$ cat run33.txt   # compact mmCIF, C-alpha atoms and all ligand atoms
# COMPACT_ATOMS: atom_id res chain seq x y z
CA MET S 1 108.07 134.48 80.71
CA LYS S 2 104.74 132.73 81.26
CA GLN S 3 104.77 129.37 83.03
CA LYS S 4 103.64 126.66 80.64
CA ILE S 5 101.18 124.33 82.37
CA TRP S 6 99.11 121.26 81.48
CA ILE S 7 96.08 120.58 83.71
CA ASP S 8 94.93 117.00 84.34
CA CYS S 9 91.59 116.99 86.09
CA ASP S 10 88.24 115.41 86.97
CA PRO S 11 85.84 118.41 86.96
CA GLY S 12 84.47 118.44 89.57
CA ILE S 13 83.52 121.65 91.29
CA ASP S 14 86.93 122.61 92.63
CA ASP S 15 88.60 121.54 89.37
CA ALA S 16 86.26 123.91 87.55
CA VAL S 17 87.12 126.76 89.92
CA ALA S 18 90.84 126.00 89.52
CA ILE S 19 90.57 126.10 85.72
CA THR S 20 88.61 129.35 85.99
CA LEU S 21 91.37 130.79 88.18
CA ALA S 22 94.04 129.67 85.70
CA SER S 23 92.09 131.26 82.85
CA ALA S 24 92.01 134.52 84.82
CA CYS S 25 95.81 134.40 85.19
CA GLN S 26 96.83 133.91 81.56
CA ASP S 27 99.16 136.90 81.86
CA GLN S 28 101.33 134.58 83.94
CA LEU S 29 100.24 131.09 82.87
CA GLU S 30 100.04 129.49 79.43
CA ILE S 31 97.57 126.60 79.55
CA LEU S 32 98.90 124.19 76.91
CA GLY S 33 96.05 121.72 77.39
CA ILE S 34 93.58 120.02 79.67
CA SER S 35 93.25 116.26 80.08
CA THR S 36 90.48 114.49 81.93
CA VAL S 37 90.45 111.44 84.16
CA ALA S 38 87.59 109.59 85.84
CA GLY S 39 87.34 110.57 89.50
CA ASN S 40 84.71 112.93 90.85
CA GLN S 41 82.43 111.62 88.14
CA THR S 42 82.64 109.26 85.17
CA LEU S 43 85.09 110.03 82.39
CA GLU S 44 82.24 110.96 80.07
CA ARG S 45 80.83 113.50 82.53
CA VAL S 46 84.11 115.11 83.56
CA THR S 47 85.18 115.37 79.92
CA GLU S 48 81.89 116.98 78.92
CA ASN S 49 82.37 119.48 81.76
CA ALA S 50 85.92 120.30 80.66
CA ARG S 51 84.86 120.62 77.00
CA LYS S 52 82.07 123.06 77.78
CA LEU S 53 83.97 124.92 80.49
CA THR S 54 86.87 125.89 78.17
CA SER S 55 84.38 127.41 75.73
CA PHE S 56 82.47 129.18 78.50
CA LEU S 57 85.72 130.65 79.85
CA GLY S 58 86.80 131.86 76.42
CA ILE S 59 89.76 129.50 76.24
CA SER S 60 88.32 127.28 73.54
CA GLN S 61 91.72 127.20 71.85
CA VAL S 62 92.99 125.06 74.75
CA PRO S 63 92.78 121.42 73.65
CA VAL S 64 90.74 119.06 75.86
CA ALA S 65 91.75 115.40 75.74
CA LYS S 66 89.93 112.45 77.30
CA GLY S 67 92.06 110.16 79.46
CA ALA S 68 91.68 107.15 81.68
CA ASN S 69 88.17 105.91 82.46
CA GLY S 70 89.26 104.40 85.75
CA PRO S 71 92.18 103.51 88.01
CA LEU S 72 95.07 101.27 86.90
CA VAL S 73 94.01 98.41 89.15
CA ARG S 74 91.20 99.41 91.56
CA ILE S 75 87.46 99.49 90.93
CA PRO S 76 86.36 103.06 89.97
CA LYS S 77 84.70 104.97 92.82
CA PHE S 78 83.14 108.36 92.06
CA ALA S 79 82.43 111.32 94.35
CA GLY S 80 78.93 112.25 93.21
CA TYR S 81 77.95 112.81 96.85
CA VAL S 82 80.14 115.93 96.80
CA HIS S 83 80.05 117.13 93.19
CA GLY S 84 76.57 116.03 92.13
CA LYS S 85 75.29 113.81 89.31
CA THR S 86 76.92 115.83 86.53
CA GLY S 87 80.07 116.58 88.49
CA ILE S 88 79.43 120.34 88.63
CA GLY S 89 76.48 120.51 90.99
CA ASN S 90 73.33 121.88 89.38
CA TYR S 91 75.17 124.22 87.05
CA CYS S 92 74.37 123.94 83.33
CA LEU S 93 77.25 125.06 81.14
CA PRO S 94 76.16 126.42 77.73
CA GLU S 95 76.36 124.14 74.71
CA THR S 96 79.39 124.46 72.43
CA ASP S 97 80.59 122.87 69.20
CA LYS S 98 84.08 122.53 70.59
CA GLN S 99 85.45 119.04 69.93
CA VAL S 100 87.52 116.90 72.29
CA GLU S 101 90.84 115.65 70.86
CA LYS S 102 90.40 112.34 69.04
CA ASP S 103 93.40 110.56 70.63
CA HIS S 104 93.76 109.42 74.24
CA ALA S 105 94.92 112.17 76.59
CA VAL S 106 98.17 110.38 77.41
CA VAL S 107 99.06 110.27 73.69
CA VAL S 108 98.01 113.92 73.19
CA LEU S 109 100.05 115.07 76.20
CA ALA S 110 103.11 113.01 75.21
CA ARG S 111 102.96 114.39 71.67
CA ARG S 112 102.67 117.99 72.97
CA LEU S 113 105.64 117.55 75.32
CA ALA S 114 107.74 115.90 72.60
CA SER S 115 106.98 118.84 70.26
CA LEU S 116 108.66 121.34 72.59
CA PRO S 117 112.05 122.72 71.61
CA PRO S 118 115.02 121.31 73.55
CA GLY S 119 115.19 122.71 77.05
CA GLU S 120 111.60 123.95 77.09
CA LYS S 121 109.60 122.55 80.02
CA VAL S 122 106.03 122.32 81.23
CA THR S 123 104.59 122.07 84.73
CA LEU S 124 102.03 119.26 84.98
CA VAL S 125 99.13 120.19 87.27
CA PRO S 126 97.16 117.06 88.20
CA MET S 127 93.96 117.71 90.16
CA GLY S 128 92.38 114.26 90.11
CA PRO S 129 93.49 110.63 90.39
CA LEU S 130 96.99 110.28 88.92
CA THR S 131 96.15 107.56 86.40
CA ASN S 132 96.98 109.60 83.27
CA ILE S 133 100.25 110.90 84.71
CA ALA S 134 101.37 107.41 85.74
CA LEU S 135 100.56 106.07 82.25
CA LEU S 136 102.44 108.98 80.64
CA LEU S 137 105.57 108.31 82.71
CA ARG S 138 105.48 104.57 82.03
CA VAL S 139 104.53 104.58 78.33
CA PHE S 140 106.48 107.69 77.25
CA PRO S 141 109.40 108.01 79.74
CA GLU S 142 111.37 110.11 77.25
CA VAL S 143 109.01 113.08 77.67
CA ALA S 144 110.22 113.56 81.27
CA GLU S 145 112.93 115.89 79.90
CA HIS S 146 110.15 118.38 79.10
CA ILE S 147 108.52 118.21 82.55
CA ASP S 148 109.71 120.97 84.87
CA LYS S 149 107.77 119.67 87.88
CA ILE S 150 104.48 118.08 88.88
CA CYS S 151 102.36 120.35 91.10
CA LEU S 152 99.53 118.10 92.23
CA MET S 153 96.51 118.29 94.49
CA GLY S 154 96.45 115.13 96.54
CA GLY S 155 97.43 113.32 99.68
CA ALA S 156 98.06 114.63 103.17
CA ALA S 157 100.94 114.49 105.62
CA VAL S 158 98.25 114.05 108.27
CA GLY S 159 94.65 112.97 107.69
CA GLY S 160 92.36 112.14 104.82
CA ASN S 161 88.87 112.85 103.50
CA VAL S 162 87.67 109.52 102.13
CA THR S 163 89.10 107.68 105.13
CA PRO S 164 91.04 108.94 108.15
CA THR S 165 94.26 108.55 106.14
CA GLY S 166 93.15 108.54 102.49
CA GLU S 167 92.66 111.67 100.38
CA PHE S 168 90.36 111.03 97.39
CA ASN S 169 92.79 111.58 94.47
CA ILE S 170 95.38 109.23 95.93
CA TRP S 171 92.91 106.79 97.50
CA ALA S 172 91.10 106.38 94.15
CA ASP S 173 94.25 105.13 92.37
CA PRO S 174 97.03 104.35 94.86
CA GLU S 175 99.17 102.46 92.34
CA ALA S 176 99.21 105.42 89.96
CA ALA S 177 100.14 107.72 92.83
CA GLN S 178 103.00 105.45 93.90
CA ILE S 179 104.39 105.57 90.34
CA VAL S 180 104.20 109.37 90.30
CA PHE S 181 105.59 110.02 93.79
CA THR S 182 108.62 107.80 93.12
CA CYS S 183 109.28 108.88 89.50
CA GLY S 184 112.22 111.14 90.41
CA LEU S 185 110.77 114.34 88.92
CA PRO S 186 110.35 117.37 91.23
CA ILE S 187 106.91 117.16 92.84
CA VAL S 188 104.96 119.71 94.86
CA MET S 189 102.28 117.97 96.94
CA CYS S 190 99.36 120.32 97.64
CA GLY S 191 97.75 118.05 100.21
CA LEU S 192 94.89 118.45 102.62
CA ASP S 193 97.31 119.97 105.15
CA VAL S 194 97.04 123.21 103.16
CA THR S 195 94.01 122.75 100.88
CA ASN S 196 91.60 122.22 103.79
CA LEU S 197 92.54 125.73 104.97
CA CYS S 198 91.93 127.34 101.57
CA GLY S 199 88.25 127.88 100.98
CA LEU S 200 85.41 130.32 100.52
CA THR S 201 82.57 131.09 102.89
CA ARG S 202 78.83 130.94 102.18
CA GLU S 203 78.80 134.74 102.18
CA GLN S 204 81.60 134.88 99.61
CA ALA S 205 79.82 132.31 97.45
CA ARG S 206 76.63 134.37 97.64
CA SER S 207 78.43 137.60 96.72
CA LEU S 208 80.06 135.93 93.71
CA LYS S 209 76.68 134.55 92.61
CA GLU S 210 75.15 138.03 92.65
CA ARG S 211 77.71 139.56 90.30
CA VAL S 212 76.90 140.44 86.69
CA ASN S 213 79.80 138.52 85.14
CA PRO S 214 78.48 135.06 84.14
CA VAL S 215 81.79 133.34 84.99
CA THR S 216 81.78 134.89 88.45
CA ARG S 217 78.16 133.84 88.93
CA MET S 218 79.09 130.28 87.93
CA VAL S 219 81.83 130.15 90.57
CA GLY S 220 79.37 131.39 93.20
CA GLU S 221 76.82 128.74 92.23
CA LEU S 222 79.40 125.96 92.20
CA VAL S 223 80.74 126.85 95.64
CA GLU S 224 77.22 127.25 97.00
CA PHE S 225 76.44 123.70 95.85
CA TYR S 226 79.38 122.49 97.92
CA PHE S 227 77.69 123.74 101.06
CA GLN S 228 74.67 121.56 100.29
CA SER S 229 76.79 118.40 100.33
CA PRO S 230 77.11 116.38 103.55
CA VAL S 231 80.86 117.05 103.56
CA TYR S 232 80.45 120.80 104.18
CA GLN S 233 77.40 120.80 106.44
CA GLY S 234 78.17 122.99 109.43
CA ARG S 235 81.53 124.06 108.08
CA GLU S 236 82.57 127.70 107.73
CA LEU S 237 84.65 127.15 104.59
CA ALA S 238 84.18 125.11 101.43
CA ALA S 239 87.72 123.99 100.54
CA ILE S 240 88.59 124.69 96.91
CA HIS S 241 91.31 122.05 96.98
CA ASP S 242 92.37 122.09 93.33
CA ALA S 243 92.73 125.87 93.09
CA VAL S 244 95.63 125.65 95.56
CA THR S 245 97.84 124.13 92.83
CA ILE S 246 97.37 127.15 90.56
CA THR S 247 97.80 129.50 93.52
CA TYR S 248 101.08 127.85 94.52
CA LEU S 249 102.48 128.27 91.00
CA LEU S 250 101.77 132.01 91.15
CA HIS S 251 102.55 132.66 94.83
CA PRO S 252 104.88 129.96 96.20
CA ASP S 253 105.94 132.40 98.92
CA TRP S 254 102.53 132.01 100.58
CA PHE S 255 103.38 128.39 101.37
CA THR S 256 105.86 126.54 103.56
CA GLY S 257 106.89 123.04 102.58
CA ARG S 258 109.48 120.39 103.30
CA ASP S 259 111.38 118.08 101.01
CA MET S 260 110.75 114.50 102.01
CA ARG S 261 110.25 111.01 100.68
CA VAL S 262 106.62 110.12 100.05
CA GLU S 263 105.30 106.63 99.40
CA VAL S 264 101.74 105.46 98.98
CA ASP S 265 100.02 102.68 100.90
CA CYS S 266 98.79 100.40 98.11
CA SER S 267 97.19 97.89 100.47
CA GLU S 268 93.45 97.30 100.72
CA GLU S 269 93.66 97.75 104.47
CA ARG S 270 92.56 100.72 106.60
CA ASN S 271 95.38 102.99 105.28
CA ARG S 272 94.71 102.45 101.57
CA GLY S 273 95.93 105.50 99.64
CA MET S 274 97.77 107.07 102.57
CA THR S 275 100.67 109.28 101.48
CA VAL S 276 103.33 108.14 103.93
CA CYS S 277 105.41 111.29 104.40
CA ASP S 278 108.82 110.56 105.92
CA PHE S 279 109.64 113.50 108.21
CA ARG S 280 112.78 111.68 109.39
CA GLY S 281 114.53 112.43 106.07
CA ASP S 282 118.25 113.19 106.21
CA PRO S 283 118.44 117.02 105.67
CA GLY S 284 121.41 116.50 103.38
CA GLU S 285 119.48 114.19 101.04
CA LYS S 286 117.01 115.48 98.39
CA HIS S 287 113.90 113.36 98.03
CA GLY S 288 112.26 115.51 95.38
CA VAL S 289 108.79 115.79 96.89
CA THR S 290 107.98 119.15 98.52
CA VAL S 291 105.10 118.52 100.89
CA LEU S 292 103.27 121.79 101.60
CA LEU S 293 102.56 122.07 105.31
CA GLU S 294 101.55 125.70 105.95
CA VAL S 295 99.78 128.39 103.96
CA LYS S 296 98.83 132.04 104.32
CA ALA S 297 95.19 131.12 103.85
CA GLU S 298 93.84 134.67 104.11
CA GLN S 299 96.11 135.84 101.27
CA VAL S 300 94.92 132.90 99.19
CA ARG S 301 91.26 133.72 99.82
CA GLU S 302 91.75 137.40 99.00
CA PHE S 303 93.61 136.44 95.81
CA TRP S 304 90.79 134.15 94.73
CA MET S 305 88.12 136.79 95.37
CA GLU S 306 90.17 139.34 93.45
CA LYS S 307 90.75 137.07 90.45
CA LEU S 308 87.29 135.47 90.36
CA TRP S 309 85.32 138.67 90.98
O1 LIG X 401 90.29 115.41 97.92
C1 LIG X 401 90.03 116.49 97.08
C2 LIG X 401 90.23 116.11 95.65
O2 LIG X 401 89.31 115.08 95.30
C3 LIG X 401 89.93 117.26 94.68
O3 LIG X 401 90.74 117.13 93.54
C4 LIG X 401 88.49 117.05 94.32
O4 LIG X 401 88.18 117.57 93.01
C5 LIG X 401 88.42 115.55 94.29
O5 LIG X 401 88.87 115.11 93.04
CA CA X 402 89.76 117.16 91.33
$ encode --input "run33.txt" --output "structure tokens"
Amino acid sequence: MKQKIWIDCDPGIDDAVAITLASACQDQLEILGISTVAGNQTLERVTENARKLTSFLGISQVPVAKGANGPLVRIPKFAGYVHGKTGIGNYCLPETDKQVEKDHAVVVLARRLASLPPGEKVTLVPMGPLTNIALLLRVFPEVAEHIDKICLMGGAAVGGNVTPTGEFNIWADPEAAQIVFTCGLPIVMCGLDVTNLCGLTREQARSLKERVNPVTRMVGELVEFYFQSPVYQGRELAAIHDAVTITYLLHPDWFTGRDMRVEVDCSEERNRGMTVCDFRGDPGEKHGVTVLLEVKAEQVREFWMEKLW
């Protein structure tokens, strides 16, 4: 049985690689749809990237729906300094006549979940700010019965990338993240603790770029752009954060995690967007959030090179 997934994203270089990886694993994953949220770039730009990318990957049948154009409360902040003006570096995806869904992504996703037969469930895979997911849970709470779990890229038990304690997806919309982390559904948090260890080297990017397959070449060019950004100067690896969610769904045994309570700092102080992971948790009590803490990073990297080659 294939895992049914719905990807919510802000492509974004690593989002694009994650979607490419998912499209290469359709023997195990059924991508029901892709929704977009403002984050790495504006909603218009990330939606255009998702629209064109699905065609380029040959998954044009996967609906793309446009979601929230900014956080629930905070002022939108984009990450153009990492992902470039378009959101996908200098890469130009080919034109396509594929249309984005006419309704808001939250409505499209709720409708798709509600259409499932009783007992059938979907894994939500958020890879950007959690605005759409928070809205879904608040406006259409009844669809929770069709959500198996939420496997998200975001947060960190220790550290941050926008601030010392804030990871971008959570920091960008802390209120949305607090709603999601305390919603009671099973959550797998693919935070920086593991995603920072999962990346590709300059050499690997170059070898991908030199392949004949246009999709493989795109991945190489996207990752190579990462190394031009200030974030990856002098670093061995370019972390492909979002692809860790897809990898976890296919190889959970490569990860070690712990069930704990997670709350989000929704202040405007120095720890804005911090995912406060409570390691004290009573072992007998289930908190519902599995925080991934360790990963077999070499296996992940080999898997990516195999699937993206
Ligand atoms: O912190 C990494 C996350 O922020 C990734 O999802 C990346 O795409 C950006 O959105
Ligand atoms: Ca992302």
$ residues_around --input "run33.txt" --residues "Pro118 of chain S" --least-positions-apart "4" --cutoff "12 Å" --atoms "all atoms listed in the file" --output "PyMOL selection string"
chain S and resi 113-114+122+143-147
$ residues_near_ligand --input "run33.txt" --ligand "ligand CA 402 (chain X)" --cutoff "9 Å" --atoms "all atoms listed in the file" --output "JSON, numbers by chain"
{"S": [8, 9, 10, 11, 12, 13, 14, 15, 16, 39, 40, 126, 127, 128, 129, 153, 154, 168, 169, 241, 242]}
$ closest_atom_pairs --input "run33.txt" --of "segment 61-167 of chain S" --to "segment 244-263 of chain S" --cutoff "7 Å" --atoms "all atoms listed in the file" --output "tab-separated table"
residue	atom	partner	partner_atom	distance
S:Val125	CA	S:Thr245	CA	6.9
S:Cys151	CA	S:Thr245	CA	6.1
S:Leu152	CA	S:Thr245	CA	6.3
S:Met153	CA	S:Thr245	CA	6.2
$ atom_distance --input "run33.txt" --atom1 "atom CA of Leu130 of chain S" --atom2 "atom CA of Asn271 of chain S"
18.0 Å
$ residues_around --input "run33.txt" --residues "Lys66 of chain S" --least-positions-apart "2" --cutoff "10 Å" --atoms "only C-alpha atoms" --output "CSV table (one decimal) with C-alpha atoms, keeping the file's coordinate frame"
chain,number,residue,atom,x,y,z
S,8,ASP,CA,94.9,117.0,84.3
S,34,ILE,CA,93.6,120.0,79.7
S,35,SER,CA,93.2,116.3,80.1
S,36,THR,CA,90.5,114.5,81.9
S,37,VAL,CA,90.4,111.4,84.2
S,38,ALA,CA,87.6,109.6,85.8
S,43,LEU,CA,85.1,110.0,82.4
S,44,GLU,CA,82.2,111.0,80.1
S,46,VAL,CA,84.1,115.1,83.6
S,47,THR,CA,85.2,115.4,79.9
S,48,GLU,CA,81.9,117.0,78.9
S,50,ALA,CA,85.9,120.3,80.7
S,51,ARG,CA,84.9,120.6,77.0
S,64,VAL,CA,90.7,119.1,75.9
S,68,ALA,CA,91.7,107.2,81.7
S,69,ASN,CA,88.2,105.9,82.5
S,100,VAL,CA,87.5,116.9,72.3
S,101,GLU,CA,90.8,115.6,70.9
S,102,LYS,CA,90.4,112.3,69.0
S,103,ASP,CA,93.4,110.6,70.6
S,104,HIS,CA,93.8,109.4,74.2
S,105,ALA,CA,94.9,112.2,76.6
S,106,VAL,CA,98.2,110.4,77.4
S,108,VAL,CA,98.0,113.9,73.2
S,132,ASN,CA,97.0,109.6,83.3
$ atom_distance --input "run33.txt" --atom1 "atom CA of Ile170 of chain S" --atom2 "atom CA of Gly155 of chain S"
5.9 Å
$ closest_residue --input "run33.txt" --among "S:Leu137, S:Ile150, S:Leu197, S:Val162" --to "ligand LIG 401 (chain X)" --atoms "only C-alpha atoms and all ligand atoms"
S:Val162
$ atom_distance --input "run33.txt" --atom1 "atom CA of Pro117 of chain S" --atom2 "atom CA of Ile5 of chain S"
15.4 Å
$ closest_residue --input "run33.txt" --among "S:Gln178, S:Thr123, S:Thr20, S:Asn213" --to "Asp265 of chain S" --atoms "all atoms listed in the file"
S:Gln178
$ residues_around --input "run33.txt" --residues "Cys92 of chain S" --least-positions-apart "6" --cutoff "10 Å" --atoms "all atoms listed in the file" --output "PDB file with C-alpha atoms, keeping the file's coordinate frame"
ATOM      1  CA  ASN S  49      82.370 119.480  81.760  1.00  0.00           C
ATOM      2  CA  LYS S  52      82.070 123.060  77.780  1.00  0.00           C
ATOM      3  CA  THR S  86      76.920 115.830  86.530  1.00  0.00           C
ATOM      4  CA  MET S 218      79.090 130.280  87.930  1.00  0.00           C
TER       5      MET S 218
END
$ closest_residue --input "run33.txt" --among "S:Tyr91, S:Trp6, S:Phe279, S:Tyr81" --to "ligand LIG 401 (chain X)" --atoms "all atoms listed in the file"
S:Tyr81
$ closest_residue --input "run33.txt" --among "S:Trp171, S:Gln3, S:Arg112, S:Glu142" --to "ligand LIG 401 (chain X)" --atoms "all atoms listed in the file"
S:Trp171
$ residues_around --input "run33.txt" --residues "Gly89 of chain S" --least-positions-apart "2" --cutoff "10 Å" --atoms "all atoms listed in the file" --output "list of chain:residue names"
S:Gly12, S:Ile13, S:Gly80, S:Tyr81, S:Val82, S:His83, S:Gly84, S:Lys85, S:Thr86, S:Gly87, S:Tyr91, S:Cys92, S:Glu221, S:Leu222, S:Val223, S:Glu224, S:Phe225, S:Tyr226, S:Gln228, S:Ser229
$ write_last_selection --input "run33.txt" --atoms "C-alpha atoms" --output "JSON list (two decimals), in the frame of the given file"
[["chain", "number", "residue", "atom", "x", "y", "z"],
["S", 12, "GLY", "CA", 84.47, 118.44, 89.57],
["S", 13, "ILE", "CA", 83.52, 121.65, 91.29],
["S", 80, "GLY", "CA", 78.93, 112.25, 93.21],
["S", 81, "TYR", "CA", 77.95, 112.81, 96.85],
["S", 82, "VAL", "CA", 80.14, 115.93, 96.80],
["S", 83, "HIS", "CA", 80.05, 117.13, 93.19],
["S", 84, "GLY", "CA", 76.57, 116.03, 92.13],
["S", 85, "LYS", "CA", 75.29, 113.81, 89.31],
["S", 86, "THR", "CA", 76.92, 115.83, 86.53],
["S", 87, "GLY", "CA", 80.07, 116.58, 88.49],
["S", 91, "TYR", "CA", 75.17, 124.22, 87.05],
["S", 92, "CYS", "CA", 74.37, 123.94, 83.33],
["S", 221, "GLU", "CA", 76.82, 128.74, 92.23],
["S", 222, "LEU", "CA", 79.40, 125.96, 92.20],
["S", 223, "VAL", "CA", 80.74, 126.85, 95.64],
["S", 224, "GLU", "CA", 77.22, 127.25, 97.00],
["S", 225, "PHE", "CA", 76.44, 123.70, 95.85],
["S", 226, "TYR", "CA", 79.38, 122.49, 97.92],
["S", 228, "GLN", "CA", 74.67, 121.56, 100.29],
["S", 229, "SER", "CA", 76.79, 118.40, 100.33]]
$ axis_aligned_box --input "run33.txt" --around "ligand LIG 401 (chain X)" --padding-each-side "3 Å" --output "JSON"
{"center_x": 89.5, "center_y": 116.3, "center_z": 95.5, "size_x": 8.6, "size_y": 8.5, "size_z": 10.9}
$ closest_residue --input "run33.txt" --among "S:Ala176, S:Lys2, S:Leu93, S:Asp148" --to "Gly119 of chain S" --atoms "only C-alpha atoms"
S:Asp148
$ decode --input "run33.txt" --residues "segment 61-69 of chain S" --atoms "all heavy atoms" --output "PDB file, in the first residue's frame"
ATOM      1  N   GLN S  61      -0.519  15.847 -12.995  1.00  0.00           N
ATOM      2  CA  GLN S  61      -1.847  15.461 -12.507  1.00  0.00           C
ATOM      3  C   GLN S  61      -2.016  15.813 -11.025  1.00  0.00           C
ATOM      4  O   GLN S  61      -3.118  15.819 -10.492  1.00  0.00           O
ATOM      5  CB  GLN S  61      -2.069  13.963 -12.722  1.00  0.00           C
ATOM      6  CG  GLN S  61      -1.372  13.022 -11.754  1.00  0.00           C
ATOM      7  CD  GLN S  61       0.126  12.873 -12.010  1.00  0.00           C
ATOM      8  OE1 GLN S  61       0.676  13.465 -12.937  1.00  0.00           O
ATOM      9  NE2 GLN S  61       0.811  12.088 -11.167  1.00  0.00           N
ATOM     10  N   VAL S  62      -0.914  16.094 -10.350  1.00  0.00           N
ATOM     11  CA  VAL S  62      -0.992  16.461  -8.922  1.00  0.00           C
ATOM     12  C   VAL S  62      -1.479  17.904  -8.811  1.00  0.00           C
ATOM     13  O   VAL S  62      -0.838  18.821  -9.335  1.00  0.00           O
ATOM     14  CB  VAL S  62       0.391  16.308  -8.254  1.00  0.00           C
ATOM     15  CG1 VAL S  62       0.341  16.839  -6.810  1.00  0.00           C
ATOM     16  CG2 VAL S  62       0.853  14.853  -8.282  1.00  0.00           C
ATOM     17  N   PRO S  63      -2.624  18.115  -8.144  1.00  0.00           N
ATOM     18  CA  PRO S  63      -3.138  19.489  -8.045  1.00  0.00           C
ATOM     19  C   PRO S  63      -2.203  20.370  -7.210  1.00  0.00           C
ATOM     20  O   PRO S  63      -1.614  19.897  -6.232  1.00  0.00           O
ATOM     21  CB  PRO S  63      -4.489  19.331  -7.349  1.00  0.00           C
ATOM     22  CG  PRO S  63      -4.456  18.006  -6.691  1.00  0.00           C
ATOM     23  CD  PRO S  63      -3.513  17.152  -7.475  1.00  0.00           C
ATOM     24  N   VAL S  64      -2.075  21.629  -7.655  1.00  0.00           N
ATOM     25  CA  VAL S  64      -1.310  22.635  -6.892  1.00  0.00           C
ATOM     26  C   VAL S  64      -2.294  23.711  -6.463  1.00  0.00           C
ATOM     27  O   VAL S  64      -3.039  24.249  -7.288  1.00  0.00           O
ATOM     28  CB  VAL S  64      -0.187  23.250  -7.759  1.00  0.00           C
ATOM     29  CG1 VAL S  64       0.458  24.454  -7.039  1.00  0.00           C
ATOM     30  CG2 VAL S  64       0.877  22.187  -8.069  1.00  0.00           C
ATOM     31  N   ALA S  65      -2.316  23.973  -5.157  1.00  0.00           N
ATOM     32  CA  ALA S  65      -3.275  24.961  -4.623  1.00  0.00           C
ATOM     33  C   ALA S  65      -2.530  26.034  -3.842  1.00  0.00           C
ATOM     34  O   ALA S  65      -1.598  25.732  -3.077  1.00  0.00           O
ATOM     35  CB  ALA S  65      -4.290  24.260  -3.728  1.00  0.00           C
ATOM     36  N   LYS S  66      -2.953  27.258  -4.047  1.00  0.00           N
ATOM     37  CA  LYS S  66      -2.292  28.435  -3.465  1.00  0.00           C
ATOM     38  C   LYS S  66      -2.886  28.720  -2.083  1.00  0.00           C
ATOM     39  O   LYS S  66      -4.097  28.815  -1.935  1.00  0.00           O
ATOM     40  CB  LYS S  66      -2.571  29.596  -4.427  1.00  0.00           C
ATOM     41  CG  LYS S  66      -1.860  30.870  -4.214  1.00  0.00           C
ATOM     42  CD  LYS S  66      -2.134  31.738  -5.462  1.00  0.00           C
ATOM     43  CE  LYS S  66      -2.009  33.195  -5.190  1.00  0.00           C
ATOM     44  NZ  LYS S  66      -2.388  33.979  -6.400  1.00  0.00           N
ATOM     45  N   GLY S  67      -2.006  28.850  -1.094  1.00  0.00           N
ATOM     46  CA  GLY S  67      -2.484  29.036   0.283  1.00  0.00           C
ATOM     47  C   GLY S  67      -2.262  30.425   0.834  1.00  0.00           C
ATOM     48  O   GLY S  67      -2.504  31.427   0.170  1.00  0.00           O
ATOM     49  N   ALA S  68      -1.787  30.448   2.065  1.00  0.00           N
ATOM     50  CA  ALA S  68      -1.694  31.718   2.807  1.00  0.00           C
ATOM     51  C   ALA S  68      -0.566  32.596   2.277  1.00  0.00           C
ATOM     52  O   ALA S  68       0.530  32.107   2.007  1.00  0.00           O
ATOM     53  CB  ALA S  68      -1.474  31.421   4.288  1.00  0.00           C
ATOM     54  N   ASN S  69      -0.867  33.892   2.145  1.00  0.00           N
ATOM     55  CA  ASN S  69       0.149  34.826   1.615  1.00  0.00           C
ATOM     56  C   ASN S  69       0.944  35.483   2.737  1.00  0.00           C
ATOM     57  O   ASN S  69       1.652  36.460   2.505  1.00  0.00           O
ATOM     58  CB  ASN S  69      -0.506  35.883   0.728  1.00  0.00           C
ATOM     59  CG  ASN S  69      -1.466  36.760   1.513  1.00  0.00           C
ATOM     60  OD1 ASN S  69      -1.656  36.550   2.709  1.00  0.00           O
ATOM     61  ND2 ASN S  69      -2.069  37.715   0.844  1.00  0.00           N
TER      62      ASN S  69
END
